[in-house]
Amino acid sequence: MEAEQRACAGERRIDALLRAMDTRGPIDQAKGVLMAVFGLEPDAAFDALVWVSQNANVKLATVAERFMLDVVGLDLSVNPRDEVTYLLARIGQVHGAYFS
């Protein structure tokens with residue numbers, strides 16, 4: 001019985017690691033956009049995404065995925081800081097309704 005429990009726990013850990021690997025790409029991409037637009041360090045860009053995630057009560061990976069989908073449609077040629085700031089504010093203010 002103990003061996004079976006250890007095997008199940010190992011499978012759960014593997015599943016969690018696989019999910020983490022799947023979500024890392026969009027999070028790193030979103031961090032990269034914030035770093036490029038605002039001149040942030042990687043930790044500061046990550047902290048900004050975490051703040052939006054917590055404020056909207058939505059998982060960080062979901063925020064990053066939605067951000068990347070929306071940032072593609074922005075016109076960043078005129079004032080990229082304003083456009084990205086508005087997008088982040090909109091995501092952070094809607095408390096999850098934005099993600100429905």
# chains A, B, ... in the order shown; residues from 1 in each chain; ligands from 1
>>> residues_around(residues="A:Val33", least_positions_apart="5", cutoff="12 Å", atoms="only C-alpha atoms", output="list in words")
Pro26, Ile27, Asp28, Phe38, Gly39, Leu40, Glu41, Pro42, Ala45, Phe46, Ala48, Leu49, Ala64, Phe67, Met68, Asp70, Val71, Val72, Leu76, Pro80, Arg81, Glu83, Val84, Thr85 and Leu88 of chain A
>>> closest_residue(among="A:Ala3, A:Leu60, A:Ile91, A:Val78", to="A:Lys31", atoms="only C-alpha atoms")
A:Leu60
>>> closest_residue(among="A:Leu74, A:Ala56, A:Ala61, A:Leu69", to="A:Ala89", atoms="only C-alpha atoms")
A:Ala56
>>> residues_around(residues="A:Gly92", least_positions_apart="5", cutoff="10 Å", atoms="only C-alpha atoms", output="PDB file with C-alpha atoms, in the first residue's frame")
ATOM      1  CA  LEU A  49       2.280  40.191 -13.765  1.00  0.00           C
ATOM      2  CA  TRP A  51       0.171  41.901  -9.112  1.00  0.00           C
ATOM      3  CA  VAL A  52      -2.297  41.838 -12.009  1.00  0.00           C
ATOM      4  CA  SER A  53      -2.959  38.145 -11.394  1.00  0.00           C
ATOM      5  CA  GLN A  54      -3.671  38.676  -7.711  1.00  0.00           C
ATOM      6  CA  ASN A  55      -5.752  41.801  -8.297  1.00  0.00           C
ATOM      7  CA  ALA A  56      -7.900  40.039 -10.903  1.00  0.00           C
ATOM      8  CA  ASN A  57      -7.954  36.816  -8.854  1.00  0.00           C
ATOM      9  CA  VAL A  58      -6.884  34.861 -11.928  1.00  0.00           C
ATOM     10  CA  VAL A  63      -3.100  36.518 -17.213  1.00  0.00           C
ATOM     11  CA  TYR A  86      -3.994  50.506 -20.267  1.00  0.00           C
ATOM     12  CA  LEU A  87      -4.087  46.805 -21.134  1.00  0.00           C
ATOM     13  CA  TYR A  98     -12.284  39.815 -18.538  1.00  0.00           C
TER      14      TYR A  98
END
>>> atom_distance(atom1="atom CA of A:Lys59", atom2="atom CA of A:Ser77")
29.7 Å
>>> atom_distance(atom1="atom CA of A:Asp75", atom2="atom CA of A:Val37")
12.6 Å
>>> atom_distance(atom1="atom CA of A:Ala30", atom2="atom CA of A:Asp47")
11.5 Å
>>> closest_residue(among="A:Val50, A:Glu4, A:Arg66, A:Ala44", to="A:Arg90", atoms="only C-alpha atoms")
A:Arg66
